[in-house]
Each structure stands twice: as structure tokens, then as C-alpha cells.
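Text of protein_1.cif (mmCIF, C-alpha atoms) as supplied:
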data_final
#
loop_
_atom_site.label_atom_id
_atom_site.label_comp_id
_atom_site.auth_asym_id
_atom_site.auth_seq_id
_atom_site.Cartn_x
_atom_site.Cartn_y
_atom_site.Cartn_z
CA MET A 86 25.86 -196.00 -83.35
CA SER A 87 29.60 -196.52 -83.65
CA THR A 88 29.89 -195.48 -87.33
CA PHE A 89 30.40 -191.94 -88.63
CA GLY A 90 30.36 -190.74 -92.23
CA THR A 91 28.62 -191.49 -95.53
CA LEU A 92 31.35 -192.21 -98.10
CA PHE A 93 34.38 -191.92 -95.84
CA ARG A 94 33.04 -194.16 -93.09
CA VAL A 95 34.68 -194.80 -89.73
CA THR A 96 33.59 -197.45 -87.24
CA THR A 97 35.32 -197.42 -83.86
CA PHE A 98 35.52 -200.37 -81.46
CA GLY A 99 36.82 -201.27 -78.02
CA GLU A 100 36.30 -200.43 -74.36
CA SER A 101 38.53 -198.56 -71.91
CA HIS A 102 39.70 -201.70 -70.09
CA GLY A 103 39.36 -204.26 -72.86
CA LYS A 104 42.22 -205.79 -74.81
CA SER A 105 42.33 -203.10 -77.49
CA VAL A 106 40.66 -200.17 -79.18
CA GLY A 107 40.70 -199.11 -82.81
CA CYS A 108 38.65 -198.54 -85.93
CA ILE A 109 37.78 -199.64 -89.45
CA VAL A 110 38.06 -196.95 -92.14
CA ASP A 111 35.98 -197.70 -95.23
CA GLY A 112 36.10 -195.51 -98.34
CA CYS A 113 39.66 -194.26 -98.21
CA PRO A 114 40.81 -193.47 -101.76
CA PRO A 115 43.30 -195.97 -103.20
CA GLY A 116 46.87 -194.92 -103.96
CA LEU A 117 47.50 -192.82 -100.86
CA SER A 118 50.88 -193.41 -99.22
CA LEU A 119 50.13 -194.47 -95.64
CA VAL A 120 52.23 -195.95 -92.84
CA GLU A 121 51.81 -196.08 -89.07
CA ALA A 122 53.98 -192.99 -88.58
CA ASP A 123 51.42 -190.90 -90.48
CA ILE A 124 48.83 -191.81 -87.84
CA GLN A 125 51.01 -192.00 -84.74
CA ILE A 126 51.80 -188.30 -84.59
CA GLN A 127 48.20 -187.40 -83.71
CA LEU A 128 47.81 -190.37 -81.36
CA ASP A 129 50.88 -189.20 -79.47
CA ARG A 130 49.24 -185.79 -79.01
CA ARG A 131 46.09 -187.47 -77.64
CA ARG A 132 47.61 -190.17 -75.44
CA PRO A 133 47.49 -190.06 -71.61
CA GLY A 134 50.44 -189.35 -69.35
CA GLN A 135 51.84 -186.44 -71.40
CA SER A 136 52.21 -184.15 -68.38
CA ASN A 137 51.08 -183.71 -64.79
CA LEU A 138 47.96 -182.00 -66.17
CA THR A 139 46.60 -185.31 -67.48
CA THR A 140 45.73 -188.77 -66.23
CA PRO A 141 48.79 -190.80 -65.18
CA ARG A 142 47.52 -193.87 -67.03
CA ASP A 143 50.59 -195.06 -68.95
CA GLU A 144 49.49 -195.99 -72.46
CA LYS A 145 51.83 -195.75 -75.45
CA ASP A 146 48.91 -196.00 -77.89
CA LYS A 147 51.03 -197.51 -80.65
CA VAL A 148 48.90 -198.10 -83.74
CA ALA A 149 49.25 -201.05 -86.09
CA ILE A 150 47.71 -201.10 -89.57
CA GLN A 151 45.97 -204.45 -89.98
CA SER A 152 44.55 -204.21 -93.49
CA GLY A 153 43.82 -201.97 -96.46
CA THR A 154 47.43 -201.18 -97.41
CA GLU A 155 50.27 -202.92 -99.19
CA SER A 156 53.83 -201.62 -99.49
CA GLY A 157 52.68 -198.51 -97.63
CA ILE A 158 49.97 -197.65 -100.16
CA THR A 159 46.20 -197.73 -99.62
CA LEU A 160 44.28 -200.29 -101.68
CA GLY A 161 40.85 -198.66 -101.46
CA THR A 162 39.67 -201.52 -99.24
CA PRO A 163 38.79 -201.22 -95.51
CA ILE A 164 41.71 -200.10 -93.37
CA GLY A 165 41.89 -201.81 -89.98
CA LEU A 166 43.70 -199.93 -87.20
CA LEU A 167 44.47 -201.55 -83.84
CA VAL A 168 45.84 -200.04 -80.60
CA PRO A 169 46.40 -202.40 -77.63
CA ASN A 170 45.39 -201.36 -74.12
CA GLN A 171 48.41 -201.99 -71.89
CA ASP A 172 47.77 -200.29 -68.55
CA GLN A 173 44.29 -201.46 -67.55
CA ARG A 174 43.37 -201.51 -63.86
CA PRO A 175 39.80 -202.80 -63.70
CA HIS A 176 40.09 -203.37 -59.93
CA ASP A 177 40.11 -199.58 -59.48
CA TYR A 178 36.41 -199.52 -60.30
CA SER A 179 34.90 -201.95 -57.77
CA GLU A 180 32.92 -199.13 -56.10
CA THR A 181 30.98 -198.59 -59.34
CA ASP A 182 29.46 -202.03 -58.83
CA LEU A 183 27.37 -200.27 -56.19
CA TYR A 184 27.24 -196.64 -57.34
CA PRO A 185 26.58 -195.15 -60.75
CA ARG A 186 29.01 -192.25 -60.96
CA PRO A 187 27.34 -188.81 -60.89
CA SER A 188 27.08 -187.30 -64.39
CA HIS A 189 28.76 -190.36 -65.94
CA ALA A 190 27.15 -192.85 -68.33
CA ASP A 191 27.10 -195.87 -65.98
CA TRP A 192 23.37 -195.74 -65.28
CA THR A 193 22.18 -194.68 -68.74
CA TYR A 194 24.20 -197.42 -70.47
CA LEU A 195 22.69 -199.96 -68.09
CA GLN A 196 19.17 -198.71 -68.84
CA LYS A 197 19.78 -198.79 -72.59
CA TYR A 198 21.50 -202.15 -72.95
CA SER A 199 20.46 -203.89 -69.71
CA ILE A 200 24.17 -204.55 -69.20
CA LYS A 201 27.28 -202.39 -68.79
CA ALA A 202 31.06 -202.61 -68.80
CA SER A 203 32.04 -203.39 -65.20
CA SER A 204 35.14 -201.19 -65.18
CA GLY A 205 35.95 -197.75 -66.52
CA GLY A 206 33.57 -196.01 -68.85
CA GLY A 207 33.35 -198.77 -71.46
CA ARG A 208 32.36 -197.19 -74.76
CA ALA A 209 31.69 -193.89 -72.95
CA SER A 210 35.39 -193.65 -72.07
CA ALA A 211 37.68 -191.25 -73.87
CA ARG A 212 39.70 -194.34 -74.90
CA GLU A 213 37.08 -194.73 -77.66
CA THR A 214 38.39 -191.57 -79.32
CA ILE A 215 41.63 -193.32 -80.29
CA GLY A 216 39.87 -194.75 -83.33
CA ARG A 217 38.55 -191.31 -84.29
CA VAL A 218 42.01 -189.74 -84.06
CA ALA A 219 43.61 -192.54 -86.08
CA ALA A 220 40.98 -192.28 -88.82
CA GLY A 221 41.14 -188.49 -88.79
CA ALA A 222 44.89 -188.62 -89.39
CA ILE A 223 44.26 -190.54 -92.62
CA ALA A 224 41.61 -188.09 -93.77
CA GLU A 225 43.83 -185.17 -92.89
CA LYS A 226 46.78 -186.53 -94.86
CA TYR A 227 44.63 -186.74 -98.00
CA LEU A 228 43.15 -183.25 -97.47
CA LYS A 229 46.55 -181.69 -96.91
CA LEU A 230 48.11 -183.44 -99.90
CA VAL A 231 45.35 -182.67 -102.38
CA TYR A 232 43.97 -179.31 -101.23
CA GLY A 233 46.45 -177.94 -98.71
CA VAL A 234 43.80 -178.04 -95.97
CA GLU A 235 45.14 -177.01 -92.56
CA ILE A 236 43.31 -177.86 -89.33
CA VAL A 237 44.51 -176.34 -86.05
CA ALA A 238 42.76 -176.44 -82.70
CA PHE A 239 43.81 -174.88 -79.41
CA VAL A 240 42.53 -174.44 -75.86
CA SER A 241 40.75 -171.08 -75.62
CA SER A 242 39.41 -171.33 -72.06
CA VAL A 243 39.72 -173.39 -68.88
CA SER A 244 37.12 -172.85 -66.19
CA ASN A 245 36.48 -169.07 -66.23
CA ILE A 246 39.98 -168.25 -67.52
CA ALA A 247 39.83 -167.39 -71.22
CA MET A 248 41.83 -165.91 -74.06
CA PRO A 249 40.86 -162.25 -74.56
CA PHE A 250 38.78 -162.78 -77.72
CA ILE A 251 36.27 -164.88 -75.78
CA ASN A 252 35.01 -161.91 -73.80
CA GLU A 253 36.06 -158.87 -75.85
CA GLN A 254 33.50 -157.60 -78.33
CA ASP A 255 32.80 -154.62 -80.54
CA GLU A 256 30.72 -154.41 -83.70
CA ARG A 257 33.31 -156.65 -85.39
CA LEU A 258 32.57 -159.32 -82.75
CA PHE A 259 36.24 -160.26 -82.33
CA PRO A 260 39.41 -158.13 -82.00
CA GLU A 261 41.77 -157.86 -84.96
CA ASP A 262 44.40 -160.13 -83.38
CA PHE A 263 41.83 -162.95 -83.29
CA TRP A 264 41.56 -162.94 -87.09
CA GLU A 265 45.34 -162.84 -87.34
CA LEU A 266 45.54 -165.82 -84.98
CA LEU A 267 43.14 -167.83 -87.16
CA ASN A 268 45.22 -167.07 -90.24
CA THR A 269 48.60 -167.92 -88.77
CA ILE A 270 48.32 -170.35 -85.83
CA ARG A 271 50.26 -173.62 -86.25
CA ARG A 272 50.24 -176.83 -84.24
CA GLU A 273 53.87 -176.32 -83.33
CA GLU A 274 52.88 -173.14 -81.49
CA VAL A 275 49.97 -174.85 -79.78
CA ASP A 276 52.12 -177.73 -78.57
CA LYS A 277 54.81 -175.52 -77.03
CA ASP A 278 52.81 -175.57 -73.80
CA ALA A 279 51.18 -178.59 -72.14
CA VAL A 280 47.90 -176.68 -71.75
CA ARG A 281 47.84 -176.14 -75.53
CA CYS A 282 46.84 -172.50 -75.26
CA PRO A 283 48.93 -170.24 -77.54
CA ASP A 284 48.67 -167.25 -75.17
CA LYS A 285 51.39 -167.82 -72.55
CA THR A 286 50.00 -165.39 -70.01
CA VAL A 287 46.58 -167.01 -70.14
CA SER A 288 48.08 -170.49 -70.34
CA ASP A 289 49.95 -170.02 -67.05
CA LYS A 290 46.70 -169.10 -65.32
CA MET A 291 44.95 -172.09 -66.88
CA ARG A 292 47.68 -174.43 -65.67
CA GLU A 293 47.33 -173.10 -62.14
CA ARG A 294 43.56 -173.61 -62.21
CA ILE A 295 43.94 -177.21 -63.41
CA HIS A 296 46.47 -177.91 -60.63
CA GLU A 297 44.09 -176.40 -58.07
CA ALA A 298 41.33 -178.74 -59.22
CA LYS A 299 43.66 -181.72 -59.19
CA GLU A 300 44.84 -180.98 -55.65
CA ALA A 301 41.22 -180.71 -54.52
CA LYS A 302 40.45 -184.09 -56.17
CA ASP A 303 38.12 -182.18 -58.46
CA SER A 304 37.95 -181.28 -62.17
CA VAL A 305 37.36 -178.31 -64.48
CA GLY A 306 36.01 -177.83 -67.98
CA GLY A 307 36.95 -175.55 -70.84
CA THR A 308 36.60 -174.75 -74.53
CA ILE A 309 38.58 -175.53 -77.68
CA THR A 310 38.63 -173.27 -80.72
CA CYS A 311 39.38 -174.81 -84.13
CA VAL A 312 40.20 -173.20 -87.47
CA ILE A 313 40.22 -174.95 -90.86
CA ARG A 314 42.00 -173.19 -93.73
CA ASN A 315 42.03 -173.76 -97.51
CA VAL A 316 38.72 -175.63 -97.58
CA PRO A 317 37.27 -176.08 -101.09
CA VAL A 318 34.11 -174.15 -101.92
CA GLY A 319 30.84 -176.04 -102.19
CA LEU A 320 31.04 -178.62 -99.38
CA GLY A 321 27.93 -179.40 -97.34
CA GLU A 322 24.57 -181.01 -98.09
CA PRO A 323 21.47 -178.89 -97.42
CA CYS A 324 19.08 -179.17 -95.86
CA PHE A 325 19.72 -181.66 -93.03
CA ASP A 326 23.43 -182.28 -93.62
CA LYS A 327 24.59 -178.68 -93.79
CA LEU A 328 28.28 -178.57 -93.05
CA GLU A 329 27.83 -176.77 -89.72
CA ALA A 330 25.25 -179.39 -88.77
CA LYS A 331 27.77 -182.14 -89.52
CA PHE A 332 30.39 -180.32 -87.46
CA ALA A 333 27.95 -180.03 -84.57
CA HIS A 334 27.15 -183.74 -84.87
CA ALA A 335 30.83 -184.64 -84.93
CA MET A 336 31.90 -182.41 -82.06
CA LEU A 337 28.99 -183.18 -79.76
CA SER A 338 29.69 -186.90 -80.22
CA ILE A 339 33.05 -186.43 -78.46
CA PRO A 340 32.88 -187.49 -74.79
CA ALA A 341 32.30 -184.65 -72.28
CA THR A 342 31.17 -182.07 -74.87
CA LYS A 343 28.30 -179.79 -73.91
CA GLY A 344 28.23 -177.02 -76.50
CA PHE A 345 29.12 -175.99 -80.05
CA GLU A 346 29.13 -172.68 -81.92
CA ILE A 347 30.41 -171.76 -85.37
CA GLY A 348 31.40 -168.36 -86.71
CA SER A 349 29.90 -165.54 -84.69
CA GLY A 350 28.02 -168.09 -82.60
CA PHE A 351 26.07 -166.71 -79.68
CA LYS A 352 27.93 -163.40 -79.85
CA GLY A 353 26.36 -162.80 -83.24
CA THR A 354 22.90 -162.57 -81.71
CA THR A 355 23.81 -159.20 -80.17
CA LEU A 356 24.44 -157.46 -83.52
CA PHE A 357 22.19 -155.85 -86.11
CA GLY A 358 22.03 -157.42 -89.54
CA HIS A 359 24.09 -154.67 -91.20
CA GLN A 360 26.86 -155.34 -88.66
CA HIS A 361 26.76 -159.12 -88.98
CA ASN A 362 26.48 -159.50 -92.75
CA ASP A 363 29.63 -160.49 -94.66
CA PRO A 364 29.88 -158.34 -97.86
CA TRP A 365 31.23 -160.00 -101.02
CA VAL A 366 34.52 -158.83 -102.51
CA LEU A 367 36.81 -160.06 -105.27
CA LYS A 368 39.74 -162.09 -103.89
CA ASN A 369 42.34 -163.55 -106.23
CA ASP A 370 39.92 -163.82 -109.17
CA ARG A 371 37.09 -165.33 -107.12
CA LEU A 372 34.42 -163.99 -104.81
CA GLY A 373 35.17 -164.00 -101.11
CA THR A 374 33.84 -162.17 -98.09
CA LYS A 375 35.20 -158.97 -96.59
CA THR A 376 34.41 -160.20 -93.07
CA ASN A 377 33.82 -163.72 -91.81
CA ASN A 378 31.13 -163.67 -89.17
CA SER A 379 29.52 -166.63 -90.94
CA GLY A 380 32.49 -168.83 -90.07
CA GLY A 381 33.23 -170.10 -93.57
CA THR A 382 29.79 -171.39 -94.52
CA GLN A 383 26.58 -169.92 -95.89
CA GLY A 384 23.42 -171.92 -96.37
CA GLY A 385 25.32 -174.86 -94.93
CA ILE A 386 27.87 -174.80 -97.79
CA THR A 387 31.52 -173.74 -97.61
CA ASN A 388 32.32 -170.39 -99.20
CA GLY A 389 36.13 -170.66 -99.28
CA GLU A 390 36.80 -168.60 -96.15
CA ASN A 391 38.33 -170.01 -92.97
CA ILE A 392 35.99 -172.24 -91.02
CA TYR A 393 36.18 -171.62 -87.29
CA PHE A 394 34.17 -172.94 -84.38
CA ARG A 395 34.33 -173.51 -80.63
CA VAL A 396 33.51 -176.62 -78.61
CA ALA A 397 32.63 -176.67 -74.90
CA PHE A 398 33.76 -179.49 -72.61
CA LYS A 399 32.30 -180.06 -69.15
CA PRO A 400 34.45 -180.88 -66.09
CA PRO A 401 35.29 -184.63 -66.19
CA ALA A 402 32.62 -186.55 -64.27
CA THR A 403 34.89 -189.02 -62.47
CA ILE A 404 36.56 -187.31 -59.51
CA SER A 405 38.17 -188.64 -56.33
CA GLN A 406 36.41 -186.13 -54.12
CA GLU A 407 33.69 -187.64 -51.93
CA GLN A 408 30.21 -187.04 -53.33
CA GLU A 409 26.85 -187.71 -51.76
CA THR A 410 24.86 -189.80 -54.21
CA ALA A 411 22.86 -193.05 -54.33
CA THR A 412 23.48 -196.70 -55.16
CA TYR A 413 21.85 -198.46 -58.12
CA ASN A 414 18.97 -199.46 -55.86
CA GLY A 415 18.48 -195.92 -54.56
CA VAL A 416 20.16 -196.10 -51.15
CA ASP A 417 21.92 -192.87 -50.13
CA GLY A 418 25.68 -193.11 -49.77
CA VAL A 419 29.05 -191.49 -50.43
CA LEU A 420 31.20 -192.20 -53.50
CA ALA A 421 34.87 -191.31 -53.83
CA ALA A 422 35.85 -192.72 -57.20
CA ARG A 423 39.26 -194.27 -57.72
CA GLY A 424 41.02 -194.80 -61.03
CA ARG A 425 43.19 -192.42 -63.04
CA HIS A 426 41.45 -189.52 -64.67
CA ASP A 427 42.14 -186.13 -66.22
CA PRO A 428 41.42 -183.12 -64.01
CA CYS A 429 40.69 -181.29 -67.29
CA VAL A 430 40.21 -182.95 -70.67
CA VAL A 431 40.69 -180.00 -73.02
CA PRO A 432 44.50 -180.20 -73.48
CA ARG A 433 44.23 -183.81 -74.70
CA ALA A 434 41.00 -183.15 -76.62
CA VAL A 435 42.71 -180.79 -79.08
CA PRO A 436 43.73 -183.55 -81.55
CA ILE A 437 40.32 -185.19 -81.13
CA VAL A 438 38.59 -182.01 -82.29
CA GLU A 439 41.01 -181.71 -85.21
CA SER A 440 40.43 -185.34 -86.21
CA MET A 441 36.65 -185.11 -86.15
CA ALA A 442 36.90 -181.92 -88.23
CA ALA A 443 39.02 -183.80 -90.78
CA LEU A 444 36.46 -186.61 -90.96
CA VAL A 445 33.65 -184.11 -91.63
CA ILE A 446 35.57 -182.31 -94.39
CA MET A 447 36.77 -185.55 -96.02
CA ASP A 448 33.27 -187.05 -96.16
CA ALA A 449 31.75 -183.82 -97.49
CA LEU A 450 34.48 -183.56 -100.11
CA MET A 451 33.89 -187.09 -101.39
CA ILE A 452 30.13 -186.47 -101.59
CA GLN A 453 30.63 -183.23 -103.54
CA GLN A 454 33.20 -184.78 -105.88
CA SER A 455 30.85 -187.67 -106.64
CA ARG A 456 28.09 -185.20 -107.52
CA LYS A 457 30.39 -183.20 -109.79
CA THR A 458 31.69 -186.33 -111.50
CA VAL A 459 28.20 -187.63 -112.28
CA ALA A 460 27.05 -184.19 -113.48
CA SER A 461 30.11 -183.88 -115.75
CA LEU A 462 28.96 -186.92 -117.73
CA LEU A 463 25.88 -185.06 -118.98
CA PRO A 464 26.06 -183.33 -122.39
CA PRO A 465 26.12 -179.49 -122.24
CA ASN A 466 22.65 -178.03 -121.75
CA PRO A 467 22.21 -174.78 -123.75
CA ASN A 468 18.79 -174.14 -122.20
CA ILE A 469 20.01 -173.17 -118.72
CA PRO A 470 19.09 -169.49 -118.17
CA ALA A 471 21.93 -167.13 -117.29
CA ALA A 472 20.20 -166.27 -114.00
CA MET A 473 20.44 -169.93 -112.97
CA SER A 474 24.14 -170.23 -113.72
CA GLY A 475 25.43 -167.03 -112.12
CA VAL A 476 26.35 -165.51 -115.48
CA ILE A 477 25.87 -161.72 -115.50
CA PRO A 478 24.05 -160.54 -118.65
CA LYS A 479 26.19 -158.29 -120.85
CA LEU A 480 23.87 -155.32 -120.36
CA LEU A 481 24.20 -155.48 -116.58
CA GLU A 482 27.95 -155.99 -116.86
CA THR A 483 28.23 -152.87 -119.01
CA GLN A 484 26.13 -150.84 -116.56
CA LYS A 485 28.33 -152.02 -113.68
CA GLN A 486 31.47 -150.79 -115.46
#
Turn the structure described in the file into C-alpha cells.
Amino acid sequence: MSTFGTLFRVTTFGESHGKSVGCIVDGCPPGLSLVEADIQIQLDRRRPGQSNLTTPRDEKDKVAIQSGTESGITLGTPIGLLVPNQDQRPHDYSETDLYPRPSHADWTYLQKYSIKASSGGGRASARETIGRVAAGAIAEKYLKLVYGVEIVAFVSSVSNIAMPFINEQDERLFPEDFWELLNTIRREEVDKDAVRCPDKTVSDKMRERIHEAKEAKDSVGGTITCVIRNVPVGLGEPCFDKLEAKFAHAMLSIPATKGFEIGSGFKGTTLFGHQHNDPWVLKNDRLGTKTNNSGGTQGGITNGENIYFRVAFKPPATISQEQETATYNGVDGVLAARGRHDPCVVPRAVPIVESMAALVIMDALMIQQSRKTVASLLPPNPNIPAAMSGVIPKLLETQKQ
């Protein structure tokens, strides 16, 4: 489906070579100051043609708010966002009339719908993510304004070239500078380099690998790490809508994604329980955890610590290198795709990951706030046992002291 979210709902529309792309945002709180500039900053980070590491397709991706605001203020009604496509070249895709591209969605879309977009990737194109990024910018503005939520993603690996924390491991799982990075990294640092990796030494190697793939008319994949700070406690809906499950849903819906891990992820499987557990400690008059192998959630609910996760992206499927494959009717042949495509998607996918993270947090927040509001209307219930409310009996409190 093309709709994501329960209370903060986003529906994206448009194809890669159609007239426009965009989205409808339903459920945005009224009274939020919102103009195009609030949205454009993330679209500019996502748009093509930013450097010689990306597709040369020349799209400005200028967003126009169509509805849901007046005098720069949200009305609480559906917000329509429209971005025209300006640099379409459908004639570049005539060979896909004969060949479904290897590892692309041409054939599966045709099987599902009995029809497909005749040029580009249609809805499977990364152009679809424009609507996600635009909607995510709205969600992020609210989260930042009300809770101080900070969402920062960065490229942590390209091909087999990775930042040190990916491969280094001791019983703490990650080196100390990794935790410092999660606490301090800012988008301004990420954007200093076109690769969007904050480690310059590693970034230079990544850039070289991407150029090698581009020269060979090939492509490479990579991973993006994302951290979310200042998230309210209590977000997430067990059992099937645990917050990490919603993140996985959101991230794996992004084109070209092939993997997701949160917190310790697969590294955590190598530890014993006493090494992996996050002990509770008092932090600024509330409980927090001494370590954060859980990645900011327990039982599918946020615990107030930083949320961090990593998303894997495959090498882009459309390449200009000749590939032996078969036509739609099964005849062997050779395809060398034309068109303009990224040799590696991860530098441009950084704001997409951030935006989908914002949509997950915003929706979970609105669900939790609605629950708390309804519960607050009940009269006080004196019959709730202390053990059910987290209140420590006086005897135990005295013994502890």
C-alpha cells in the first residue's frame, strides 16, 4: 500500500517519469507554523545531481504546499505536498520494453498488476521517496519543537569499506568513540562530505570505491546508521507494533533496502546475557540504563535512551554494464541499461532514513498521547496495588537505604 502510519498518516503518489510526485499528510496537529522552506531543506539533501557520486538527473525538487495550511499555520486538515518532475527522459528506457531489469521490480510489478510503468521504475523508483522526505520534515519539525528530538543519520559503510565500529568488538560491543559519536554527531558534520560519512579517512576510501564502480558502469551498496536523541519514554505498541518493529517496517519499505538491525543487532548474539544486559541507574531523577545495547527500547517501548539502528542497502539494480539475462518471453539476451542512475544510493538515502524515523516516532507519540489523554479522564482508582504502579513499599525502601 502507499499509506504509512496510524494517526499521523502519509500517502505518497507519483511515478519516476510522471508529471509529479508528492504526498498527502493526514493527522498533522493544528497550529504548527509550516512553510515550504521547512520542508525544502531535507528535499535538497535528497535530490539528485548533488555531486559526481550521484545520478546526473537534474531535478530541483521544489515543493509546493497545496492544502492544509493558511498564513503559514497548519489547520489540522490534510496537507497536500506537490513536487513536479522536470527532467524526465522516458525514451532512455526503451530496452526495458523487451527486458525486465535484473533485480529490479519490472517483472514483479507486471505480475502483480498485469501492467507496469513503461519507463523508469514507476512506483519502485527512488523518486517515490520524495513524499516520504517531505512528510518526515513536517513530523520532525513538531518533534524538535515540542520534545527536542534530534535525528541524525550517516553513511557507515560502502561496499566492504566501513567505519571502525562496524568491525571492532569487545564485550562492550562497540568502542567508546562510537557512543560519543551517537551523542554528539550533527547533520552539519555529516554534510561536510558528499559521501556523508563523518570519518574523513574512511570517507575518502568510500568515495574512491564509488568512483571505481561508476567507471566500470557498475554499482555498490552500503549501510546507514541512524541515532535518535531525546525520545520520550513509553512509545511503541506491543505486541505487533513494537517500536523496533515499526522502524523495521519503515526502513525496509525504502527502495533498495535489504537489512535492518537495532541496538546490538547481530553483534549482540555473540555475547553472554551478563555482558549484554543494560543495568538500571538513576539519571537526572529518573531511571536510565548504564549501557545501551538494547538501542533505546525494551519490550518494544522506548526507555529514554538514544535509539540507534543500521539499515543495509543493496547495490542499485540498474547498471549500464552489459548483463546476460532474458526477455519477458524467456529468450536469452544481453541488456545494457541506459538512463541516469546512482552508482551508490546511500549518500542520498541519509535524509530518507531520517524522515522515515521521524514518521515512526511522530505516529507512536500521537498514539501514546491519545492513550494518556483518555486515561487521564478516569477518576483516581485507590484500589491499584503498589506492585502494579511501580511504587516501592515503605518497608522495602527503608531496607534499601
| field | Residues selected by the PyMOL selection byres ((chain A and resi 128) around 8), written as a PyMOL selection string | value | chain A and resi 124-127+129-132+146-147+215+218-219+436
| task | Return as a list in words the set of residues that the PyMOL selection byres ((chain A and resi 212) around 10) yields on the displayed structure. | result |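 That selection, the PyMOL selection byres ((chain A and resi 212) around 10), comes back as Phe98, Gly99, Glu100, Ser101, His102, Ser105, Val106, Gly107, Arg131, Arg132, Pro133, Asp146, Asn170, Gly205, Gly206, Gly207, Arg208, Ala209, Ser210, Ala211, Glu213, Thr214, Ile215, Gly216, Arg217 and Pro340 of chain A.
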| With distances taken over only C-alpha atoms, which of A:Gly233, A:Pro260, A:Pro364, A:Pro187 is nearest to Glu407 in chain A? |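 Closest to Glu407 in chain A, using only C-alpha atoms: A:Pro187.
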| field | Exercise: residues within 10 Å of coordinate (49.0, -175.6, -65.4), counting all atoms listed in the file, as JSON, numbers by chain | value | {"A": [136, 137, 138, 278, 279, 280, 288, 289, 290, 291, 292, 293, 294, 295, 296, 297]}
| said: Could you tell me how far CA of Ala449 in chain A sits from CA of Gly389 in chain A, in Å to one decimal place? | reply: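 CA of Gly389 in chain A sits 14.0 Å away from CA of Ala449 in chain A.
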| query | Which value, in Å to one decimal, gives the distance between CA of Val366 in chain A and CA of Thr269 in chain A? | reply |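 Distance reported for this atom pair: 21.7 Å.
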Contacts between range 451-472 of chain A and range 241-359 of chain A, please, where a residue of range 241-359 of chain A counts if it comes within 9 Å (with all atoms listed in the file); show its shortest atom pair and distance in Å to one decimal, rows by chain and ascending number, as a tab-separated table.
residue	atom	partner	partner_atom	distance
A:Gly319	CA	A:Gln453	CA	7.3
A:Leu320	CA	A:Gln453	CA	6.2
A:Gly321	CA	A:Gln453	CA	7.8
A:Glu322	CA	A:Gln453	CA	8.4
| query | Could you name the residues that touch Arg281 in chain A at 12 Å or less, counting only C-alpha atoms, but leaving out those on the same chain fewer than 6 positions away, as a PyMOL selection string? | reply | chain A and resi 130-131+135-136+138+237-243+248+270-275+287-289+291-292+307-310+430-436
| task | Report as a ChimeraX atom specification the residues that result from applying the PyMOL selection byres ((chain A and resi 159-162) around 7) to the structure here. | result | /A:111-119,153-155,157-158,163-164
| task | Considering all atoms listed in the file, return as number ranges by chain whatever protein or nucleic-acid residues lie within 8 Å of Asn362 in chain A, sequence-local ones (same chain, fewer than 6 positions apart) excluded. | result | A: 376, 378-379
Keeping C-alpha atoms for every residue in the selection just given, could you write it to a file as a compact mmCIF listing (two decimals), in the frame of the given file?
# COMPACT_ATOMS: atom_id res chain seq x y z
CA THR A 376 34.41 -160.20 -93.07
CA ASN A 378 31.13 -163.67 -89.17
CA SER A 379 29.52 -166.63 -90.94
| request: Considering only C-alpha atoms, state which residue in the set A:Phe332, A:Phe357, A:Phe345, A:Tyr413 is at the smallest distance from Gly90 in chain A. | output: A:Phe332
| One-decimal distance in Å that lies between CA of Pro400 in chain A and CA of Thr342 in chain A |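 Separation of CA of Thr342 in chain A and CA of Pro400 in chain A: 9.4 Å.
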| Using all atoms listed in the file, which residue out of A:Ala335, A:Val318, A:Ala220, A:Ala301 lies closest to Tyr232 in chain A? |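 Among the listed residues, A:Val318 lies closest to Tyr232 in chain A.
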| message | From the options A:His189, A:Arg314, A:Lys299, A:Lys327, which residue's atoms come nearest to Thr403 in chain A, counting only C-alpha atoms? | response | A:His189
Can range 284-298 of chain A be brought up to N, CA and C atoms and written out as a CSV table (one decimal), in the frame of the given file?
chain,number,residue,atom,x,y,z
A,284,ASP,N,48.4,-168.5,-75.9
A,284,ASP,CA,48.7,-167.2,-75.2
A,284,ASP,C,49.3,-167.6,-73.9
A,285,LYS,N,50.6,-167.3,-73.7
A,285,LYS,CA,51.4,-167.8,-72.6
A,285,LYS,C,50.9,-167.3,-71.2
A,286,THR,N,50.5,-166.0,-71.2
A,286,THR,CA,50.0,-165.4,-70.0
A,286,THR,C,48.7,-166.1,-69.5
A,287,VAL,N,47.8,-166.3,-70.5
A,287,VAL,CA,46.6,-167.0,-70.1
A,287,VAL,C,46.9,-168.5,-69.8
A,288,SER,N,47.8,-169.1,-70.5
A,288,SER,CA,48.1,-170.5,-70.3
A,288,SER,C,48.6,-170.7,-68.9
A,289,ASP,N,49.4,-169.9,-68.4
A,289,ASP,CA,50.0,-170.0,-67.0
A,289,ASP,C,48.8,-170.0,-66.0
A,290,LYS,N,47.8,-169.2,-66.2
A,290,LYS,CA,46.7,-169.1,-65.3
A,290,LYS,C,45.8,-170.4,-65.4
A,291,MET,N,45.7,-170.8,-66.7
A,291,MET,CA,45.0,-172.1,-66.9
A,291,MET,C,45.6,-173.3,-66.2
A,292,ARG,N,46.9,-173.3,-66.3
A,292,ARG,CA,47.7,-174.4,-65.7
A,292,ARG,C,47.5,-174.4,-64.2
A,293,GLU,N,47.5,-173.2,-63.6
A,293,GLU,CA,47.3,-173.1,-62.1
A,293,GLU,C,45.9,-173.6,-61.7
A,294,ARG,N,44.9,-173.2,-62.5
A,294,ARG,CA,43.6,-173.6,-62.2
A,294,ARG,C,43.4,-175.1,-62.3
A,295,ILE,N,44.0,-175.7,-63.3
A,295,ILE,CA,43.9,-177.2,-63.4
A,295,ILE,C,44.6,-177.9,-62.2
A,296,HIS,N,45.8,-177.4,-61.8
A,296,HIS,CA,46.5,-177.9,-60.6
A,296,HIS,C,45.6,-177.7,-59.4
A,297,GLU,N,45.0,-176.6,-59.2
A,297,GLU,CA,44.1,-176.4,-58.1
A,297,GLU,C,43.0,-177.5,-58.0
A,298,ALA,N,42.4,-177.7,-59.2
A,298,ALA,CA,41.3,-178.7,-59.2
A,298,ALA,C,41.9,-180.1,-58.9
